[in-house]
Structure formats: C-alpha cells, structure tokens
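For reference, protein.tsv (TSV, C-alpha atoms):
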chain	number	residue	atom	x	y	z
A	81	MET	CA	23.09	-19.81	3.62
A	82	LEU	CA	24.65	-16.35	3.79
A	83	ARG	CA	25.89	-16.50	0.22
A	84	ARG	CA	22.46	-17.60	-1.03
A	85	THR	CA	20.58	-14.93	0.89
A	86	ALA	CA	23.07	-12.11	0.46
A	87	LEU	CA	23.15	-12.48	-3.28
A	88	MET	CA	19.40	-12.01	-3.42
A	89	LEU	CA	17.79	-8.61	-3.37
A	90	PRO	CA	16.49	-7.76	0.11
A	91	LEU	CA	12.84	-8.52	0.68
A	92	ALA	CA	12.06	-4.83	0.88
A	93	LEU	CA	13.37	-4.28	-2.62
A	94	ALA	CA	11.21	-6.97	-4.19
A	95	LEU	CA	7.87	-5.67	-2.93
A	96	PRO	CA	5.74	-3.67	-5.39
A	97	LEU	CA	5.86	0.06	-4.92
A	98	GLY	CA	2.15	0.55	-5.53
A	99	ARG	CA	0.42	3.22	-7.56
A	100	SER	CA	1.92	6.67	-7.83
A	101	ARG	CA	-0.34	9.67	-7.45
A	102	PRO	CA	-0.84	11.79	-10.60
A	103	ALA	CA	2.11	14.02	-11.51
A	104	GLY	CA	0.19	17.22	-10.82
A	105	ALA	CA	-0.85	16.04	-7.38
A	106	GLN	CA	2.77	15.07	-6.61
A	107	ALA	CA	3.99	18.52	-7.54
A	108	ASP	CA	1.25	20.20	-5.47
A	109	ALA	CA	1.99	18.03	-2.44
A	110	PHE	CA	5.69	18.79	-2.67
A	111	ALA	CA	5.08	22.53	-3.03
A	112	ALA	CA	2.92	22.42	0.10
A	113	LEU	CA	5.68	20.58	1.93
A	114	VAL	CA	8.24	23.23	0.97
A	115	THR	CA	5.96	26.00	2.28
A	116	ALA	CA	5.37	24.19	5.58
A	117	ALA	CA	9.08	23.41	5.99
A	118	LYS	CA	10.07	27.04	5.44
A	119	ALA	CA	7.57	28.07	8.12
A	120	GLU	CA	9.35	25.80	10.61
A	121	GLY	CA	12.62	27.54	9.74
A	122	SER	CA	15.16	24.86	10.69
A	123	VAL	CA	16.05	21.18	10.53
A	124	ILE	CA	18.31	19.14	12.84
A	125	VAL	CA	20.36	16.39	11.18
A	126	ASP	CA	22.55	13.80	12.87
A	127	GLY	CA	24.99	12.85	10.11
A	128	PRO	CA	28.41	11.39	9.35
A	129	PRO	CA	31.30	12.83	11.38
A	130	LEU	CA	33.00	14.05	8.21
A	131	ASP	CA	33.67	17.76	7.73
A	132	PRO	CA	33.24	17.69	3.92
A	133	VAL	CA	29.80	16.10	4.35
A	134	ARG	CA	28.78	18.55	7.06
A	135	ASN	CA	29.86	21.52	4.94
A	136	ALA	CA	28.23	20.26	1.74
A	137	LEU	CA	24.86	19.25	3.18
A	138	THR	CA	24.36	22.32	5.33
A	139	ALA	CA	25.36	24.77	2.59
A	140	ASP	CA	23.60	23.05	-0.31
A	141	PHE	CA	20.28	22.43	1.46
A	142	GLN	CA	20.13	26.01	2.71
A	143	ARG	CA	21.00	27.24	-0.77
A	144	ALA	CA	18.16	25.15	-2.22
A	145	TYR	CA	15.42	26.05	0.27
A	146	GLY	CA	16.71	28.81	2.54
A	147	ILE	CA	16.39	26.57	5.61
A	148	PRO	CA	19.36	26.38	8.02
A	149	VAL	CA	20.63	22.92	9.01
A	150	SER	CA	21.78	22.26	12.56
A	151	TYR	CA	24.24	19.42	11.99
A	152	ILE	CA	25.23	16.99	14.74
A	153	SER	CA	28.02	14.56	13.89
A	154	SER	CA	28.36	12.23	16.85
A	155	GLY	CA	28.25	9.13	14.65
A	156	GLY	CA	27.29	5.53	15.32
A	157	ALA	CA	27.03	4.31	18.89
A	158	GLN	CA	27.44	7.83	20.26
A	159	SER	CA	24.31	8.90	18.41
A	160	ALA	CA	22.37	5.99	19.88
A	161	ALA	CA	23.55	6.75	23.41
A	162	ARG	CA	22.67	10.42	23.09
A	163	VAL	CA	19.20	9.81	21.68
A	164	ARG	CA	18.48	7.16	24.31
A	165	ALA	CA	19.36	9.62	27.07
A	166	GLU	CA	17.31	12.38	25.45
A	167	ARG	CA	14.23	10.24	25.10
A	168	ALA	CA	14.52	8.95	28.62
A	169	ALA	CA	14.28	12.60	29.65
A	170	GLY	CA	11.27	13.18	27.37
A	171	LYS	CA	13.24	15.20	24.83
A	172	TYR	CA	12.94	14.81	21.05
A	173	LEU	CA	15.73	16.86	19.51
A	174	VAL	CA	16.66	15.26	16.17
A	175	ASP	CA	14.76	15.33	12.86
A	176	VAL	CA	16.86	13.15	10.55
A	177	LEU	CA	19.54	10.50	11.00
A	178	VAL	CA	22.05	9.72	8.23
A	179	SER	CA	24.26	6.80	9.24
A	180	GLY	CA	25.88	3.47	8.53
A	181	SER	CA	24.03	0.18	9.05
A	182	ASP	CA	24.51	-0.78	12.69
A	183	THR	CA	23.00	2.20	14.50
A	184	PRO	CA	19.75	2.50	12.49
A	185	LEU	CA	19.07	-1.23	12.05
A	186	LEU	CA	20.22	-2.57	15.40
A	187	THR	CA	19.29	0.29	17.75
A	188	PHE	CA	17.02	3.00	16.31
A	189	LEU	CA	14.63	0.68	14.48
A	190	PRO	CA	14.02	-1.89	17.24
A	191	SER	CA	13.81	0.91	19.82
A	192	GLY	CA	10.85	2.40	17.94
A	193	TRP	CA	12.52	5.77	17.36
A	194	LEU	CA	11.81	6.00	13.61
A	195	ASP	CA	8.89	6.86	11.36
A	196	ARG	CA	8.53	5.04	8.04
A	197	ILE	CA	10.28	7.05	5.38
A	198	GLU	CA	8.49	5.68	2.31
A	199	PRO	CA	5.28	7.76	2.73
A	200	ALA	CA	7.38	10.91	3.15
A	201	LEU	CA	9.08	10.55	-0.24
A	202	ILE	CA	6.94	12.65	-2.57
A	203	GLU	CA	9.34	14.76	-4.63
A	204	PRO	CA	8.71	13.75	-8.27
A	205	ASP	CA	12.43	13.41	-9.02
A	206	VAL	CA	12.88	11.10	-6.03
A	207	ILE	CA	10.03	8.68	-6.70
A	208	ASP	CA	10.87	8.33	-10.40
A	209	ARG	CA	12.09	4.73	-10.30
A	210	ARG	CA	13.98	5.15	-13.57
A	211	LYS	CA	16.50	7.30	-11.70
A	212	TRP	CA	17.56	4.46	-9.37
A	213	VAL	CA	19.75	1.39	-9.83
A	214	ASP	CA	17.66	-1.64	-10.86
A	215	GLY	CA	14.61	0.59	-11.33
A	216	HIS	CA	13.43	0.98	-7.73
A	217	LEU	CA	14.11	2.92	-4.56
A	218	TRP	CA	16.21	0.96	-2.10
A	219	TYR	CA	15.15	0.32	1.50
A	220	ALA	CA	17.23	-1.20	4.28
A	221	ASP	CA	14.35	-3.01	6.00
A	222	PRO	CA	11.21	-4.85	4.82
A	223	GLN	CA	8.88	-2.23	6.33
A	224	ARG	CA	10.57	0.52	4.29
A	225	THR	CA	11.35	2.57	7.34
A	226	ILE	CA	14.94	3.33	6.28
A	227	LEU	CA	15.98	4.58	2.84
A	228	ARG	CA	19.30	3.44	1.42
A	229	VAL	CA	21.09	5.80	-0.98
A	230	ILE	CA	24.63	4.33	-1.21
A	231	ARG	CA	26.01	1.05	-2.56
A	232	MET	CA	29.67	0.71	-3.37
A	233	LEU	CA	32.68	-1.54	-3.40
A	234	SER	CA	34.83	-0.73	-0.43
A	235	PRO	CA	38.34	-2.20	-0.15
A	236	GLU	CA	38.71	-4.48	2.86
A	237	LEU	CA	42.47	-4.80	2.46
A	238	ALA	CA	45.37	-2.41	1.85
A	239	ILE	CA	49.08	-2.97	1.37
A	240	ASN	CA	52.32	-1.05	1.50
A	241	THR	CA	53.56	-1.50	-2.06
A	242	ASN	CA	57.20	-1.29	-0.94
A	243	LEU	CA	56.69	-4.37	1.26
A	244	VAL	CA	54.23	-6.48	-0.71
A	245	LYS	CA	55.08	-7.55	-4.24
A	246	PRO	CA	52.48	-7.86	-7.03
A	247	GLY	CA	50.75	-11.24	-6.89
A	248	GLU	CA	51.70	-12.04	-3.30
A	249	ILE	CA	48.17	-11.36	-1.99
A	250	THR	CA	45.52	-12.86	-4.25
A	251	THR	CA	43.07	-14.42	-1.79
A	252	TRP	CA	42.20	-14.02	1.87
A	253	GLN	CA	44.04	-17.29	2.49
A	254	SER	CA	47.21	-15.55	1.26
A	255	LEU	CA	47.21	-13.70	4.57
A	256	LEU	CA	47.88	-16.99	6.39
A	257	ASP	CA	51.35	-17.32	4.82
A	258	PRO	CA	53.85	-17.44	7.73
A	259	LYS	CA	55.91	-14.63	6.16
A	260	TRP	CA	53.14	-12.16	7.09
A	261	ARG	CA	53.12	-13.17	10.75
A	262	GLY	CA	53.49	-10.05	12.88
A	263	LYS	CA	53.44	-7.79	9.80
A	264	MET	CA	49.74	-6.99	9.65
A	265	ILE	CA	47.31	-4.56	11.27
A	266	ALA	CA	43.64	-5.45	11.73
A	267	LYS	CA	40.63	-3.62	13.06
A	268	ASP	CA	39.90	-4.82	16.57
A	269	PRO	CA	37.04	-7.35	16.17
A	270	SER	CA	35.79	-6.59	19.67
A	271	VAL	CA	34.67	-3.12	18.57
A	272	THR	CA	31.37	-2.61	16.75
A	273	GLY	CA	31.45	-1.21	13.24
A	274	ALA	CA	33.30	-2.16	10.08
A	275	GLY	CA	35.88	-4.31	11.85
A	276	ALA	CA	33.17	-6.42	13.44
A	277	VAL	CA	31.36	-6.77	10.12
A	278	LEU	CA	34.50	-8.09	8.44
A	279	THR	CA	35.17	-10.55	11.26
A	280	ALA	CA	31.61	-11.88	10.98
A	281	TYR	CA	32.09	-12.25	7.23
A	282	PHE	CA	35.33	-14.19	7.77
A	283	TYR	CA	33.67	-16.51	10.29
A	284	THR	CA	30.62	-17.19	8.11
A	285	GLU	CA	32.28	-17.43	4.71
A	286	LEU	CA	35.79	-18.71	5.48
A	287	GLY	CA	35.15	-20.58	8.73
A	288	PRO	CA	36.28	-20.48	12.37
A	289	ASP	CA	39.65	-22.07	11.55
A	290	PHE	CA	40.51	-19.17	9.24
A	291	VAL	CA	39.49	-16.65	11.93
A	292	ARG	CA	41.64	-18.36	14.55
A	293	LYS	CA	44.69	-18.58	12.28
A	294	LEU	CA	44.35	-14.98	11.07
A	295	TYR	CA	43.75	-13.22	14.38
A	296	LYS	CA	45.75	-15.51	16.66
A	297	ASP	CA	48.43	-17.43	14.78
A	298	GLN	CA	49.37	-14.53	12.50
A	299	ALA	CA	49.57	-12.13	15.47
A	300	PRO	CA	48.34	-8.94	13.76
A	301	THR	CA	48.43	-5.65	15.60
A	302	LEU	CA	44.83	-4.84	16.59
A	303	SER	CA	43.85	-1.20	16.27
A	304	ARG	CA	40.83	0.92	17.13
A	305	ASP	CA	42.18	4.06	15.47
A	306	PRO	CA	41.55	4.10	11.68
A	307	ARG	CA	43.95	6.95	10.96
A	308	GLN	CA	46.74	5.50	13.05
A	309	SER	CA	46.35	2.14	11.29
A	310	VAL	CA	46.78	3.71	7.84
A	311	GLN	CA	49.69	5.79	9.08
A	312	TRP	CA	51.50	2.67	10.35
A	313	LEU	CA	50.94	1.05	6.97
A	314	ALA	CA	52.06	4.13	5.05
A	315	GLU	CA	55.24	4.51	7.09
A	316	GLY	CA	56.17	0.85	6.58
A	317	ASN	CA	55.70	-0.33	10.15
A	318	ASP	CA	53.45	-3.05	8.73
A	319	ALA	CA	52.97	-4.53	5.28
A	320	ILE	CA	49.21	-5.25	5.30
A	321	LEU	CA	46.15	-3.56	6.75
A	322	ILE	CA	42.93	-5.58	7.13
A	323	GLY	CA	39.84	-3.35	7.05
A	324	PRO	CA	41.30	0.05	6.08
A	325	ASP	CA	39.36	3.28	6.37
A	326	PHE	CA	39.07	4.20	2.72
A	327	LEU	CA	38.91	7.99	3.14
A	328	THR	CA	42.06	7.97	5.27
A	329	LEU	CA	43.80	5.64	2.84
A	330	THR	CA	42.96	8.01	0.00
A	331	GLN	CA	44.40	10.96	1.91
A	332	PHE	CA	47.73	9.17	2.38
A	333	GLN	CA	47.79	8.14	-1.27
A	334	LYS	CA	47.39	11.76	-2.33
A	335	LEU	CA	50.36	12.63	-0.13
A	336	GLY	CA	52.48	10.16	-2.09
A	337	TYR	CA	52.72	7.30	0.39
A	338	PRO	CA	53.10	3.77	-1.09
A	339	VAL	CA	49.68	2.44	-0.06
A	340	GLU	CA	47.16	0.67	-2.28
A	341	ALA	CA	43.69	-0.81	-1.83
A	342	MET	CA	43.16	-4.46	-2.76
A	343	PHE	CA	40.26	-6.83	-3.38
A	344	PRO	CA	41.24	-10.40	-2.47
A	345	GLN	CA	39.34	-13.04	-4.47
A	346	GLY	CA	37.85	-10.36	-6.69
A	347	ARG	CA	35.34	-7.65	-5.87
A	348	GLU	CA	33.08	-9.71	-3.68
A	349	MET	CA	31.49	-7.35	-1.16
A	350	THR	CA	29.44	-4.19	-1.38
A	351	THR	CA	28.67	-1.84	1.48
A	352	GLY	CA	26.32	1.05	2.12
A	353	GLY	CA	28.83	3.41	3.72
A	354	TRP	CA	27.02	6.29	5.42
A	355	GLY	CA	24.03	5.81	3.15
A	356	LEU	CA	21.08	4.98	5.41
A	357	VAL	CA	18.57	7.82	5.79
A	358	CYS	CA	16.04	7.83	8.63
A	359	LEU	CA	13.15	10.02	9.78
A	360	MET	CA	13.02	10.31	13.56
A	361	ASN	CA	9.56	10.03	15.10
A	362	ARG	CA	8.20	12.98	17.09
A	363	PRO	CA	10.67	15.31	15.29
A	364	PRO	CA	10.88	18.98	16.34
A	365	HIS	CA	10.57	20.07	12.68
A	366	PRO	CA	8.42	17.41	10.96
A	367	ASN	CA	7.95	19.16	7.62
A	368	ALA	CA	11.54	20.33	7.34
A	369	ALA	CA	12.62	16.78	8.17
A	370	LYS	CA	10.55	15.38	5.30
A	371	LEU	CA	11.82	18.06	2.95
A	372	PHE	CA	15.42	17.28	3.89
A	373	VAL	CA	15.11	13.56	3.17
A	374	ASN	CA	13.43	14.32	-0.15
A	375	TRP	CA	16.24	16.71	-1.06
A	376	LEU	CA	18.91	14.25	0.06
A	377	ALA	CA	17.40	11.55	-2.17
A	378	SER	CA	17.13	13.88	-5.16
A	379	GLN	CA	19.77	14.26	-7.86
A	380	GLN	CA	20.93	17.53	-6.33
A	381	GLY	CA	21.15	16.04	-2.85
A	382	GLN	CA	22.96	12.93	-4.01
A	383	ASP	CA	25.42	14.99	-6.06
A	384	SER	CA	26.23	16.83	-2.84
A	385	PHE	CA	26.29	13.79	-0.56
A	386	ALA	CA	28.07	11.23	-2.76
A	387	ASN	CA	30.85	13.62	-3.77
A	388	SER	CA	31.45	14.96	-0.27
A	389	SER	CA	31.51	11.47	1.27
A	390	LEU	CA	33.39	9.97	-1.73
A	391	GLU	CA	30.77	7.23	-2.01
A	392	VAL	CA	28.69	5.80	-4.87
A	393	SER	CA	25.02	6.72	-5.01
A	394	LEU	CA	22.21	4.33	-5.87
A	395	ARG	CA	20.88	7.03	-8.18
A	396	THR	CA	21.91	6.65	-11.80
A	397	ASP	CA	22.13	10.35	-12.64
A	398	VAL	CA	24.83	11.57	-10.24
A	399	THR	CA	27.90	13.30	-11.67
A	400	TYR	CA	31.06	12.28	-9.80
A	401	HIS	CA	34.30	14.17	-9.29
A	402	ASP	CA	36.88	12.40	-7.11
A	403	VAL	CA	35.19	9.07	-6.33
A	404	ALA	CA	37.59	6.22	-7.10
A	405	PRO	CA	36.59	4.18	-10.20
A	406	PHE	CA	37.06	0.82	-8.45
A	407	MET	CA	34.28	1.66	-5.97
A	408	PHE	CA	31.54	1.37	-8.61
A	409	PRO	CA	29.73	-2.01	-8.71
A	410	GLU	CA	29.71	-3.67	-12.11
A	411	LYS	CA	26.29	-3.86	-13.72
A	412	GLY	CA	24.89	-7.39	-13.72
A	413	ARG	CA	27.48	-8.80	-11.34
A	414	LYS	CA	26.39	-10.42	-8.07
A	415	TYR	CA	27.97	-9.35	-4.80
A	416	ILE	CA	27.65	-10.20	-1.15
A	417	ASP	CA	25.99	-7.12	0.28
A	418	LEU	CA	27.17	-6.34	3.80
A	419	TYR	CA	24.09	-4.11	4.23
A	420	ASP	CA	21.66	-6.87	3.31
A	421	TYR	CA	18.90	-6.99	5.95
A	422	LYS	CA	19.33	-10.71	6.60
A	423	PHE	CA	23.10	-10.43	6.84
A	424	VAL	CA	22.89	-7.58	9.35
A	425	GLY	CA	20.32	-9.49	11.41
A	426	GLU	CA	22.28	-12.77	11.45
A	427	ARG	CA	25.71	-11.22	11.71
A	428	ASP	CA	25.76	-10.84	15.48
A	429	ALA	CA	25.45	-14.59	16.05
A	430	ALA	CA	28.51	-15.23	13.87
A	431	LEU	CA	30.37	-12.36	15.49
A	432	GLU	CA	29.63	-13.67	18.99
A	433	LYS	CA	31.10	-17.05	18.04
A	434	ALA	CA	34.16	-15.39	16.50
A	435	ARG	CA	34.76	-13.26	19.58
A	436	ALA	CA	34.44	-16.28	21.86
A	437	LEU	CA	36.97	-18.09	19.68
A	438	LEU	CA	39.36	-15.15	19.99
A	439	ASP	CA	38.68	-14.49	23.68
A	440	ARG	CA	37.58	-10.95	22.77
What would the structure in this file look like if it were written as structure tokens?
Amino acid sequence: MLRRTALMLPLALALPLGRSRPAGAQADAFAALVTAAKAEGSVIVDGPPLDPVRNALTADFQRAYGIPVSYISSGGAQSAARVRAERAAGKYLVDVLVSGSDTPLLTFLPSGWLDRIEPALIEPDVIDRRKWVDGHLWYADPQRTILRVIRMLSPELAINTNLVKPGEITTWQSLLDPKWRGKMIAKDPSVTGAGAVLTAYFYTELGPDFVRKLYKDQAPTLSRDPRQSVQWLAEGNDAILIGPDFLTLTQFQKLGYPVEAMFPQGREMTTGGWGLVCLMNRPPHPNAAKLFVNWLASQQGQDSFANSSLEVSLRTDVTYHDVAPFMFPEKGRKYIDLYDYKFVGERDAALEKARALLDR
C-alpha cells in the first residue's frame, strides 16, 4: 500500500490551482504587501538550526526589502514545545516556521497554529507554475496550508571506504551479512526525526523480520548525535553508518576522511529536508510574514535557501553552487517520497510496531 500511495503525487498536488488574477492586479497586490510589510518593520522566523541558513536568509531578505529578520533556530520538537508554552500563556511570537516534516504536519497543523499559505502567495514570480517542478506549486497537505520548496535524494547510508570494498553493499539486505555484526552505527529509532522515518520505512517496505535482524541481531551502535556518528565512521571505529546526517558527512569528506554516501537498491527515496514553509496564525507581523514566504518561494529566495542548506529546490530556475549532483531527482523517475502526506500520516503506526519489536 505504501509503495502504491507514495509513488503517486500527493492529493494536494493534483487539485486544480484555480484562476489567477490578472497580471497587473497581481503586481499591484504585491506592491501593497511590500508597503505594509515595511511599515511593520520586522519579521520573526523560526528556521533550521544551521548557521549558513540563518546568515543567508537574514542578510538576503533584509537586502531585498530592508526588513530585519529575527531568526530563531530551535528546530523540530523544541520549536513545538516553545510555541505550545507561548500559546498557553496567550503569547503569539512567531511569524513564519521553516522546518522538516514532523513538526509542521504532526504538531503545528493539528494544533491549529497555522494559517493557509496558498492565499498568501501572490508574488508573480512565485505563482508562475512554469517555474516549478511538474508545473505546479507543491503543498505538504491537502488543504494547502503548508508550502513545500525542497525535494531531493538524501543518502540513507554511508560507509568508510577503507573498511567496505566496492560491491559489498548493494542492497539493504547486504547489511544483514554476519561480517557487519557490531560494525555499524544507526540512528536511535526511539528518537523522532530522520532515524524514526527510516525505521518506519524499513518496517513497512522490508518487513518486521528485517528490522529485528538489523537492529537486534546485527548489534549496531545506536546514536542520537549526528556529528559523533559521522566522526566514528570517519575515524574507522565503524564501517557503516545507517541514516547519516548529510551536511556533517560532507564536512568530513571535505577534510579528506574516507567516507562516502551510498544508495542501496538504487535511488529509491526522496525527502523534503528543511523545506516546509508555514504561516503562523495570529502573527505579530502579518504582512511581513506574508512577504517573507513570498520571497522565500521566489527564485531569489530559493537561490539563497537551497545553496545555504545544500538542498535541492522544487523551483526549476535555481542556480546551484556546492549542492552534490547525486541529490537531484531524475526527471521522469518514480521515487518513494518520505514527505508524502499519506506516508507521514501512516508512518507512526509502523514506527510504533517497530519500536515494540525492538523494545524501544
């Protein structure tokens, strides 16, 4: 069922976009938005906890519109906990959330903390469907509350090339070879985030027996520290890393360590990285918030965001600098999308079964 549903475009993507207002009216509406946003004088963004992203978005947006960005980078579950506490106290302190999939889809959206983003997208460059992959804007949910701007191939496996020979790891089942017992690191499946997503994928696609053999019989070291995991791999303490943090892996590669990303069974999975963009409801700077999401979805904004996060934009007109070539999805090829709305919604049931199996 997962493979059938995940290979389909999400429901939100298949719905008609409706009529666009005349070009002159679009330009006038956007000009009015810019004026109103400048009058508010600030925007508060909760974004990825990555210094290059913080630096790029704050500098480039202010350069474009003269509006300072107050950037919070708590990330993921910490963002949800902070906003929950703020709202319980009657405080509404954030304008825009830029995040991965779990926090917006599993906490912010069902909690009723978001406004629909589709009506706020009025910049002519943004709503030109020809500028987007497959000729449409991408939304993470059927109600078009959350805009998606990133889709990429992200390696879910890395090796130390001094310890793993070419051809030794060709499929996920290769990891069950007894020679790798005790020589692997894996993200702790009990922790939310990318590690949990991968465990759910294993359980659904490869079955509970594979999950038990991989996480129990093969005795991998379980880690909650992405940088430490890559460091152990780079220094040769382990031969294989399941679920590497790509940015950290890239940093160690540039330092000359013998680490390499791999795609068992081909390039099967795509992810959305930090690419979900949300408008908070009751924002302190409503016009500046709308202007920021329009800028972030524009060519200029996506040039800034994709290159600072080293991710692949869903816009077709971005110029890339250091983004790895293997992260770009191949046109016309079908992938299992780990940010698919159905997959995210059904993932927790599979993950709960996997955790029970592993006593986690």
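Atom pair atom CA of A:Gly156 / atom CA of A:Thr301 has a distance of 23.9 Å (rounded to one decimal).
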Practice task
Skip A:Glu391 itself and residues of its chain fewer than 5 positions away, then list as number ranges by chain all residues within 7 Å of it, counting only C-alpha atoms.
Solution key: A: 230, 232, 386, 403
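Shortest separation to A:Pro409 among A:Gly316, A:Gly381, A:Pro132, A:Gly352 occurs at residue A:Gly352, atoms counted being only C-alpha atoms.
Nearest residue to A:Pro199 among A:Ser303, A:Asn374, A:Ser270, A:Thr330 is A:Asn374, counting all atoms listed in the file.
Nearest residue to A:Asp182 among A:Ser150, A:Val277, A:Met342, A:Asp397 is A:Val277, counting only C-alpha atoms.
Shortest separation to A:Arg362 among A:Tyr145, A:Tyr400, A:Phe385, A:Tyr172 occurs at residue A:Tyr172, atoms counted being all atoms listed in the file.
Distances to A:Arg196 were evaluated for A:Leu286, A:Ser389, A:Cys358, A:Lys245 using all atoms listed in the file, and the minimum falls at A:Cys358.
Considering only C-alpha atoms, the residue among A:Ala404, A:Asn240, A:Ser254, A:Ser309 positioned nearest to A:Tyr337 is A:Asn240.
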Exercise for the section: Between atom CA of A:Lys296 and atom CA of A:Asn317, measure the distance and give it in Å to one decimal. Expected result: 19.3 Å
Practice task
Give me the residues within 8 Å of A:Ser181 as a list in words, counting only C-alpha atoms and dropping any in the same chain fewer than 4 places off.
Solution key: Leu185, Leu186, Gly352, Gly353, Trp354, Leu356, Tyr419 and Val424 of chain A
Atoms to include: C-alpha atoms. Write the selected residues as a compact mmCIF listing (two decimals), keeping the file's coordinate frame.
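Output below, filename selection23.txt:
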# COMPACT_ATOMS: atom_id res chain seq x y z
CA LEU A 185 19.07 -1.23 12.05
CA LEU A 186 20.22 -2.57 15.40
CA GLY A 352 26.32 1.05 2.12
CA GLY A 353 28.83 3.41 3.72
CA TRP A 354 27.02 6.29 5.42
CA LEU A 356 21.08 4.98 5.41
CA TYR A 419 24.09 -4.11 4.23
CA VAL A 424 22.89 -7.58 9.35
Practice task
Would you list the contacts of A:Ser234 as JSON, numbers by chain, taking every protein, DNA or RNA residue within 7 Å and counting all atoms listed in the file, but skipping same-chain residues closer than 5 positions in sequence?
Solution key: {"A": [350, 351, 407]}
Enumerate, as an mmCIF file with C-alpha atoms, keeping the file's coordinate frame, the protein, DNA and RNA residues whose atoms approach (30.5, -12.0, 17.1) to within 12 Å, taking into account all atoms listed in the file and the coordinate frame of the file.
data_model
loop_
_atom_site.group_PDB
_atom_site.id
_atom_site.type_symbol
_atom_site.label_atom_id
_atom_site.label_comp_id
_atom_site.auth_asym_id
_atom_site.auth_seq_id
_atom_site.Cartn_x
_atom_site.Cartn_y
_atom_site.Cartn_z
ATOM 1 C CA ASP A 268 39.900 -4.820 16.570
ATOM 2 C CA PRO A 269 37.040 -7.350 16.170
ATOM 3 C CA SER A 270 35.790 -6.590 19.670
ATOM 4 C CA VAL A 271 34.670 -3.120 18.570
ATOM 5 C CA THR A 272 31.370 -2.610 16.750
ATOM 6 C CA GLY A 273 31.450 -1.210 13.240
ATOM 7 C CA GLY A 275 35.880 -4.310 11.850
ATOM 8 C CA ALA A 276 33.170 -6.420 13.440
ATOM 9 C CA VAL A 277 31.360 -6.770 10.120
ATOM 10 C CA LEU A 278 34.500 -8.090 8.440
ATOM 11 C CA THR A 279 35.170 -10.550 11.260
ATOM 12 C CA ALA A 280 31.610 -11.880 10.980
ATOM 13 C CA TYR A 281 32.090 -12.250 7.230
ATOM 14 C CA PHE A 282 35.330 -14.190 7.770
ATOM 15 C CA TYR A 283 33.670 -16.510 10.290
ATOM 16 C CA THR A 284 30.620 -17.190 8.110
ATOM 17 C CA PRO A 288 36.280 -20.480 12.370
ATOM 18 C CA VAL A 291 39.490 -16.650 11.930
ATOM 19 C CA VAL A 424 22.890 -7.580 9.350
ATOM 20 C CA GLY A 425 20.320 -9.490 11.410
ATOM 21 C CA GLU A 426 22.280 -12.770 11.450
ATOM 22 C CA ARG A 427 25.710 -11.220 11.710
ATOM 23 C CA ASP A 428 25.760 -10.840 15.480
ATOM 24 C CA ALA A 429 25.450 -14.590 16.050
ATOM 25 C CA ALA A 430 28.510 -15.230 13.870
ATOM 26 C CA LEU A 431 30.370 -12.360 15.490
ATOM 27 C CA GLU A 432 29.630 -13.670 18.990
ATOM 28 C CA LYS A 433 31.100 -17.050 18.040
ATOM 29 C CA ALA A 434 34.160 -15.390 16.500
ATOM 30 C CA ARG A 435 34.760 -13.260 19.580
ATOM 31 C CA ALA A 436 34.440 -16.280 21.860
ATOM 32 C CA LEU A 437 36.970 -18.090 19.680
ATOM 33 C CA LEU A 438 39.360 -15.150 19.990
ATOM 34 C CA ASP A 439 38.680 -14.490 23.680
ATOM 35 C CA ARG A 440 37.580 -10.950 22.770
#
Exercise for the section: Do a neighbour search on A:Pro148 at 10 Å with all atoms listed in the file, toss out local chain neighbours closer than 5 positions, and write the hits as a list in words. Expected result: Lys118, Gly121, Ser122, Val123, Ile124, Thr138, Ala139, Asp140, Phe141, Gln142, Arg143 and Ala368 of chain A
